[in-house]
file structure17.cif (mmCIF, N, CA and C atoms)
data_query
#
loop_
_atom_site.label_atom_id
_atom_site.label_comp_id
_atom_site.auth_asym_id
_atom_site.auth_seq_id
_atom_site.Cartn_x
_atom_site.Cartn_y
_atom_site.Cartn_z
N MET G 170 25.45 4.36 -26.09
CA MET G 170 25.75 4.37 -24.67
C MET G 170 27.20 3.92 -24.50
N HIS G 171 27.91 4.60 -23.59
CA HIS G 171 29.29 4.21 -23.30
C HIS G 171 29.31 2.89 -22.55
N ASN G 172 30.46 2.22 -22.59
CA ASN G 172 30.58 0.97 -21.88
C ASN G 172 31.71 1.07 -20.88
N PRO G 173 31.50 1.16 -19.61
CA PRO G 173 30.20 1.18 -18.95
C PRO G 173 29.62 2.59 -18.98
N PRO G 174 28.31 2.69 -18.94
CA PRO G 174 27.69 4.02 -18.94
C PRO G 174 27.71 4.64 -17.56
N HIS G 175 27.74 5.97 -17.53
CA HIS G 175 27.51 6.68 -16.26
C HIS G 175 26.06 6.42 -15.89
N PRO G 176 25.73 6.35 -14.60
CA PRO G 176 24.33 6.11 -14.20
C PRO G 176 23.35 7.08 -14.83
N GLY G 177 23.75 8.34 -14.99
CA GLY G 177 22.85 9.32 -15.60
C GLY G 177 22.56 9.00 -17.06
N GLU G 178 23.58 8.58 -17.77
CA GLU G 178 23.41 8.19 -19.17
C GLU G 178 22.47 6.99 -19.26
N PHE G 179 22.64 6.04 -18.35
CA PHE G 179 21.79 4.86 -18.32
C PHE G 179 20.33 5.25 -18.09
N ILE G 180 20.10 6.12 -17.12
CA ILE G 180 18.72 6.55 -16.82
C ILE G 180 18.11 7.24 -18.04
N ARG G 181 18.88 8.13 -18.65
CA ARG G 181 18.36 8.85 -19.84
C ARG G 181 18.00 7.89 -20.96
N GLU G 182 18.91 6.97 -21.28
CA GLU G 182 18.72 6.13 -22.46
C GLU G 182 17.77 4.95 -22.24
N VAL G 183 17.65 4.47 -21.00
CA VAL G 183 16.80 3.31 -20.74
C VAL G 183 15.41 3.70 -20.26
N TYR G 184 15.31 4.83 -19.56
CA TYR G 184 14.02 5.20 -18.97
C TYR G 184 13.43 6.48 -19.55
N LEU G 185 14.20 7.55 -19.63
CA LEU G 185 13.62 8.83 -20.05
C LEU G 185 13.27 8.85 -21.53
N GLU G 186 14.25 8.63 -22.38
CA GLU G 186 14.02 8.75 -23.83
C GLU G 186 12.98 7.77 -24.36
N PRO G 187 13.08 6.47 -24.06
CA PRO G 187 12.09 5.54 -24.61
C PRO G 187 10.66 5.80 -24.16
N PHE G 188 10.51 6.32 -22.95
CA PHE G 188 9.17 6.53 -22.41
C PHE G 188 8.75 7.99 -22.42
N GLN G 189 9.53 8.82 -23.13
CA GLN G 189 9.26 10.25 -23.26
C GLN G 189 8.96 10.89 -21.91
N LEU G 190 9.81 10.56 -20.96
CA LEU G 190 9.71 11.09 -19.61
C LEU G 190 10.76 12.18 -19.47
N THR G 191 10.39 13.29 -18.87
CA THR G 191 11.36 14.37 -18.68
C THR G 191 12.07 14.21 -17.34
N GLY G 192 13.19 14.88 -17.22
CA GLY G 192 13.91 14.88 -15.96
C GLY G 192 13.07 15.46 -14.84
N ARG G 193 12.31 16.51 -15.14
CA ARG G 193 11.43 17.11 -14.13
C ARG G 193 10.36 16.12 -13.66
N GLN G 194 9.81 15.37 -14.60
CA GLN G 194 8.78 14.39 -14.24
C GLN G 194 9.38 13.30 -13.34
N LEU G 195 10.55 12.81 -13.73
CA LEU G 195 11.19 11.79 -12.91
C LEU G 195 11.57 12.34 -11.55
N ALA G 196 12.09 13.55 -11.50
CA ALA G 196 12.46 14.17 -10.23
C ALA G 196 11.24 14.26 -9.31
N ALA G 197 10.09 14.61 -9.86
CA ALA G 197 8.86 14.68 -9.05
C ALA G 197 8.49 13.30 -8.50
N LYS G 198 8.61 12.28 -9.33
CA LYS G 198 8.30 10.91 -8.88
C LYS G 198 9.28 10.44 -7.82
N LEU G 199 10.53 10.91 -7.92
CA LEU G 199 11.56 10.53 -6.95
C LEU G 199 11.49 11.37 -5.68
N ASP G 200 10.70 12.44 -5.72
CA ASP G 200 10.58 13.39 -4.62
C ASP G 200 11.92 14.06 -4.32
N VAL G 201 12.61 14.48 -5.40
CA VAL G 201 13.86 15.24 -5.28
C VAL G 201 13.74 16.47 -6.17
N SER G 202 14.62 17.42 -5.97
CA SER G 202 14.58 18.62 -6.81
C SER G 202 15.09 18.27 -8.21
N PRO G 203 14.58 18.95 -9.22
CA PRO G 203 15.06 18.71 -10.58
C PRO G 203 16.58 18.91 -10.70
N SER G 204 17.13 19.86 -9.97
CA SER G 204 18.57 20.11 -10.07
C SER G 204 19.38 18.93 -9.51
N THR G 205 18.87 18.29 -8.48
CA THR G 205 19.55 17.11 -7.92
C THR G 205 19.62 16.00 -8.96
N LEU G 206 18.49 15.71 -9.58
CA LEU G 206 18.47 14.66 -10.61
C LEU G 206 19.29 15.09 -11.82
N ASN G 207 19.22 16.35 -12.17
CA ASN G 207 19.93 16.85 -13.33
C ASN G 207 21.45 16.66 -13.19
N ARG G 208 21.97 16.82 -11.99
CA ARG G 208 23.41 16.59 -11.77
C ARG G 208 23.79 15.15 -12.07
N ILE G 209 22.89 14.22 -11.74
CA ILE G 209 23.15 12.81 -12.06
C ILE G 209 23.02 12.58 -13.56
N LEU G 210 21.95 13.10 -14.15
CA LEU G 210 21.71 12.90 -15.58
C LEU G 210 22.84 13.47 -16.44
N ASN G 211 23.46 14.55 -15.97
CA ASN G 211 24.55 15.17 -16.72
C ASN G 211 25.92 14.59 -16.39
N GLY G 212 25.95 13.60 -15.50
CA GLY G 212 27.21 12.95 -15.16
C GLY G 212 28.06 13.71 -14.17
N ASN G 213 27.47 14.68 -13.46
CA ASN G 213 28.22 15.48 -12.50
C ASN G 213 28.14 14.96 -11.07
N SER G 214 27.24 14.02 -10.81
CA SER G 214 27.08 13.45 -9.47
C SER G 214 26.92 11.95 -9.56
N ASN G 215 27.30 11.29 -8.48
CA ASN G 215 27.12 9.84 -8.36
C ASN G 215 25.74 9.54 -7.79
N ILE G 216 25.42 8.27 -7.75
CA ILE G 216 24.19 7.81 -7.12
C ILE G 216 24.50 7.63 -5.63
N SER G 217 23.79 8.35 -4.77
CA SER G 217 23.96 8.18 -3.32
C SER G 217 23.11 6.99 -2.88
N SER G 218 23.33 6.55 -1.66
CA SER G 218 22.51 5.45 -1.12
C SER G 218 21.04 5.84 -1.09
N GLU G 219 20.78 7.09 -0.69
CA GLU G 219 19.40 7.57 -0.65
C GLU G 219 18.78 7.58 -2.05
N MET G 220 19.54 8.07 -3.03
CA MET G 220 19.02 8.11 -4.40
C MET G 220 18.82 6.70 -4.94
N ALA G 221 19.70 5.78 -4.57
CA ALA G 221 19.55 4.39 -5.02
C ALA G 221 18.23 3.81 -4.53
N LEU G 222 17.87 4.12 -3.30
CA LEU G 222 16.59 3.64 -2.77
C LEU G 222 15.42 4.26 -3.53
N ARG G 223 15.52 5.55 -3.83
CA ARG G 223 14.45 6.24 -4.56
C ARG G 223 14.32 5.67 -5.98
N LEU G 224 15.45 5.50 -6.65
CA LEU G 224 15.43 4.96 -8.01
C LEU G 224 14.88 3.54 -8.02
N SER G 225 15.26 2.77 -7.02
CA SER G 225 14.78 1.39 -6.93
C SER G 225 13.26 1.35 -6.83
N LYS G 226 12.71 2.21 -5.99
CA LYS G 226 11.25 2.22 -5.83
C LYS G 226 10.55 2.75 -7.08
N ALA G 227 11.09 3.80 -7.68
CA ALA G 227 10.42 4.44 -8.82
C ALA G 227 10.62 3.68 -10.14
N LEU G 228 11.82 3.19 -10.38
CA LEU G 228 12.13 2.61 -11.69
C LEU G 228 12.31 1.10 -11.67
N GLY G 229 12.48 0.54 -10.49
CA GLY G 229 12.77 -0.88 -10.40
C GLY G 229 14.26 -1.10 -10.23
N ARG G 230 14.72 -2.33 -10.36
CA ARG G 230 16.11 -2.72 -10.10
C ARG G 230 16.36 -2.57 -8.62
N SER G 231 17.32 -3.26 -8.12
CA SER G 231 17.63 -3.16 -6.69
C SER G 231 18.45 -1.91 -6.41
N ALA G 232 18.38 -1.45 -5.18
CA ALA G 232 19.20 -0.30 -4.78
C ALA G 232 20.67 -0.64 -4.96
N GLU G 233 21.04 -1.89 -4.69
CA GLU G 233 22.43 -2.32 -4.85
C GLU G 233 22.89 -2.21 -6.30
N SER G 234 22.00 -2.52 -7.24
CA SER G 234 22.40 -2.42 -8.64
C SER G 234 22.59 -0.96 -9.06
N TRP G 235 21.80 -0.07 -8.48
CA TRP G 235 21.99 1.36 -8.77
C TRP G 235 23.32 1.83 -8.21
N LEU G 236 23.64 1.41 -6.99
CA LEU G 236 24.92 1.80 -6.39
C LEU G 236 26.10 1.22 -7.14
N ALA G 237 25.94 0.01 -7.66
CA ALA G 237 27.03 -0.63 -8.41
C ALA G 237 27.40 0.17 -9.65
N MET G 238 26.46 0.94 -10.16
CA MET G 238 26.76 1.77 -11.33
C MET G 238 27.81 2.83 -11.03
N ASN G 239 28.02 3.15 -9.75
CA ASN G 239 29.05 4.12 -9.39
C ASN G 239 30.44 3.59 -9.73
N ASN G 240 30.57 2.30 -10.01
CA ASN G 240 31.86 1.76 -10.43
C ASN G 240 32.36 2.42 -11.70
N TYR G 241 31.45 3.04 -12.44
CA TYR G 241 31.83 3.81 -13.62
C TYR G 241 32.91 4.82 -13.26
N ASN G 242 32.72 5.49 -12.13
CA ASN G 242 33.66 6.52 -11.71
C ASN G 242 35.03 5.94 -11.37
N LEU G 243 35.05 4.77 -10.76
CA LEU G 243 36.32 4.12 -10.46
C LEU G 243 37.04 3.76 -11.75
N ARG G 244 36.32 3.25 -12.71
CA ARG G 244 36.94 2.91 -14.00
C ARG G 244 37.51 4.15 -14.68
N GLN G 245 36.77 5.24 -14.62
CA GLN G 245 37.24 6.49 -15.22
C GLN G 245 38.48 7.00 -14.48
N ALA G 246 38.46 6.92 -13.15
CA ALA G 246 39.59 7.39 -12.36
C ALA G 246 40.85 6.58 -12.66
N ARG G 247 40.69 5.28 -12.86
CA ARG G 247 41.85 4.44 -13.17
C ARG G 247 42.53 4.88 -14.47
N LYS G 248 41.78 5.47 -15.35
CA LYS G 248 42.33 5.94 -16.62
C LYS G 248 43.06 7.27 -16.48
N THR G 249 42.70 8.07 -15.48
CA THR G 249 43.20 9.44 -15.43
C THR G 249 44.03 9.81 -14.20
N VAL G 250 43.86 9.11 -13.10
CA VAL G 250 44.54 9.50 -11.86
C VAL G 250 45.99 9.02 -11.90
N ASN G 251 46.91 9.93 -11.61
CA ASN G 251 48.33 9.61 -11.56
C ASN G 251 48.69 9.25 -10.13
N LEU G 252 49.09 8.02 -9.91
CA LEU G 252 49.44 7.54 -8.57
C LEU G 252 50.94 7.44 -8.37
N ASP G 253 51.73 8.02 -9.25
CA ASP G 253 53.18 7.92 -9.17
C ASP G 253 53.73 8.45 -7.84
N GLY G 254 53.11 9.45 -7.28
CA GLY G 254 53.60 10.05 -6.05
C GLY G 254 53.11 9.35 -4.79
N VAL G 255 52.26 8.35 -4.92
CA VAL G 255 51.72 7.64 -3.77
C VAL G 255 52.68 6.51 -3.40
N GLU G 256 53.00 6.44 -2.11
CA GLU G 256 53.92 5.42 -1.64
C GLU G 256 53.19 4.38 -0.82
N LYS G 257 53.52 3.11 -1.04
CA LYS G 257 52.93 2.02 -0.28
C LYS G 257 53.54 1.98 1.11
N ILE G 258 52.70 1.74 2.10
CA ILE G 258 53.16 1.60 3.48
C ILE G 258 53.31 0.11 3.76
N GLU G 259 54.49 -0.30 4.19
CA GLU G 259 54.73 -1.68 4.55
C GLU G 259 54.71 -1.79 6.07
N PHE G 260 53.81 -2.58 6.58
CA PHE G 260 53.66 -2.74 8.02
C PHE G 260 54.43 -3.97 8.47
N GLU G 261 55.04 -3.87 9.65
CA GLU G 261 55.76 -5.00 10.20
C GLU G 261 54.76 -6.10 10.55
N GLU G 262 55.15 -7.34 10.28
CA GLU G 262 54.29 -8.46 10.60
C GLU G 262 54.08 -8.54 12.10
N GLY G 263 52.88 -8.89 12.50
CA GLY G 263 52.58 -9.03 13.91
C GLY G 263 52.17 -7.74 14.59
N LYS G 264 52.35 -6.62 13.93
CA LYS G 264 51.94 -5.33 14.51
C LYS G 264 50.60 -4.96 13.91
N SER G 265 49.72 -4.47 14.73
CA SER G 265 48.43 -4.05 14.21
C SER G 265 48.46 -2.55 13.98
N PHE G 266 47.64 -2.11 13.08
CA PHE G 266 47.55 -0.69 12.77
C PHE G 266 46.11 -0.28 12.84
N SER G 267 45.88 0.81 13.52
CA SER G 267 44.58 1.45 13.45
C SER G 267 44.84 2.94 13.53
N PRO G 268 44.09 3.73 12.77
CA PRO G 268 44.33 5.17 12.76
C PRO G 268 44.29 5.79 14.14
N GLY G 269 43.50 5.25 15.05
CA GLY G 269 43.37 5.82 16.38
C GLY G 269 44.62 5.69 17.22
N ASN G 270 45.39 4.62 17.00
CA ASN G 270 46.56 4.45 17.85
C ASN G 270 47.86 4.72 17.11
N ALA G 271 47.81 5.03 15.84
CA ALA G 271 49.03 5.20 15.07
C ALA G 271 49.84 6.40 15.55
N THR G 272 49.20 7.50 15.84
CA THR G 272 49.95 8.68 16.23
C THR G 272 50.17 8.75 17.73
N SER G 273 49.28 8.20 18.51
CA SER G 273 49.40 8.37 19.95
C SER G 273 50.22 7.28 20.62
N HIS G 274 50.33 6.09 20.02
CA HIS G 274 51.02 5.00 20.68
C HIS G 274 52.27 4.53 19.95
N GLY G 275 52.48 4.95 18.72
CA GLY G 275 53.65 4.53 17.97
C GLY G 275 53.76 3.03 17.84
N THR G 276 52.72 2.37 17.33
CA THR G 276 52.69 0.91 17.32
C THR G 276 53.15 0.30 16.01
N GLY G 277 53.71 1.06 15.12
CA GLY G 277 54.12 0.47 13.85
C GLY G 277 55.32 1.17 13.28
N THR G 278 55.78 0.70 12.15
CA THR G 278 56.92 1.29 11.47
C THR G 278 56.57 1.46 10.01
N ILE G 279 56.85 2.62 9.47
CA ILE G 279 56.65 2.88 8.05
C ILE G 279 58.02 2.81 7.39
N LYS G 280 58.12 2.06 6.31
CA LYS G 280 59.36 2.03 5.54
C LYS G 280 59.20 3.00 4.38
N ARG G 281 60.05 3.99 4.34
CA ARG G 281 59.98 5.00 3.30
C ARG G 281 61.38 5.16 2.72
N ASN G 282 61.51 4.90 1.44
CA ASN G 282 62.81 4.99 0.78
C ASN G 282 63.88 4.23 1.56
N ASN G 283 63.52 3.01 1.98
CA ASN G 283 64.43 2.12 2.71
C ASN G 283 64.85 2.67 4.07
N GLN G 284 64.11 3.62 4.61
CA GLN G 284 64.38 4.13 5.96
C GLN G 284 63.18 3.81 6.82
N ASP G 285 63.44 3.40 8.06
CA ASP G 285 62.35 3.12 8.97
C ASP G 285 61.94 4.39 9.70
N SER G 286 60.66 4.60 9.80
CA SER G 286 60.14 5.74 10.56
C SER G 286 59.09 5.20 11.50
N ALA G 287 59.27 5.42 12.78
CA ALA G 287 58.27 4.97 13.75
C ALA G 287 57.11 5.93 13.76
N PHE G 288 55.94 5.39 14.03
CA PHE G 288 54.77 6.25 14.22
C PHE G 288 54.00 5.75 15.42
#
call {"tool": "encode", "arguments": {"input": "structure17.cif", "output": "structure tokens"}}
result
Amino acid sequence: MHNPPHPGEFIREVYLEPFQLTGRQLAAKLDVSPSTLNRILNGNSNISSEMALRLSKALGRSAESWLAMNNYNLRQARKTVNLDGVEKIEFEEGKSFSPGNATSHGTGTIKRNNQDSAF
């Protein structure tokens, strides 16, 4: 098992293989389609909140612990995502920012390449 494992790998190695349970059998117990579970087992999908509740009831562990396994994806992204083109926004002290008023009220200033731009 990888460290940390993808949730699907964890399910396969901790629940399916030792107990000779198939993905179809588990999908039936979870009341989801086999293809939905298969996407998780193959590492192509994350655990949704709904799936976390289903897994919690069927296999045990808390729904929160199932959701925490999605941190696998964040760890993987940190290894591969290039953030060189992303620029930090520096907000003026004392000014509040909310997406709803940023474009319509111009309540802040973005510093970009040492130039101020009002928004």
call {"tool": "residues_near_point", "arguments": {"input": "structure17.cif", "point": "(31.4, 6.0, -13.3)", "cutoff": "10 Å", "atoms": "only C-alpha atoms", "output": "list in words"}}
result
Asn172, Pro173, Pro174, His175, Pro176, Gly177, Gly212, Ser214, Asn215, Ile216, Ala237, Met238, Asn239, Asn240, Tyr241, Asn242, Leu243, Arg244, Gln245 and Ala246 of chain G
call {"tool": "closest_residue", "arguments": {"input": "structure17.cif", "among": "G:Gln194, G:Gln189, G:Ser202, G:Asn251", "to": "Met220 in chain G", "atoms": "only C-alpha atoms"}}
result
G:Ser202
call {"tool": "closest_residue", "arguments": {"input": "structure17.cif", "among": "G:Arg223, G:Gly229, G:Glu182, G:Gly192", "to": "Ser204 in chain G", "atoms": "only C-alpha atoms"}}
result
G:Gly192
call {"tool": "select_by_dssp", "arguments": {"input": "structure17.cif", "residues": "range 189-240 of chain G", "states": "helix (DSSP H, G or I)", "output": "JSON, numbers by chain"}}
result
{"G": [192, 193, 194, 195, 196, 197, 198, 199, 203, 204, 205, 206, 207, 208, 209, 210, 218, 219, 220, 221, 222, 223, 224, 225, 226, 227, 228, 232, 233, 234, 235, 236, 237, 240]}
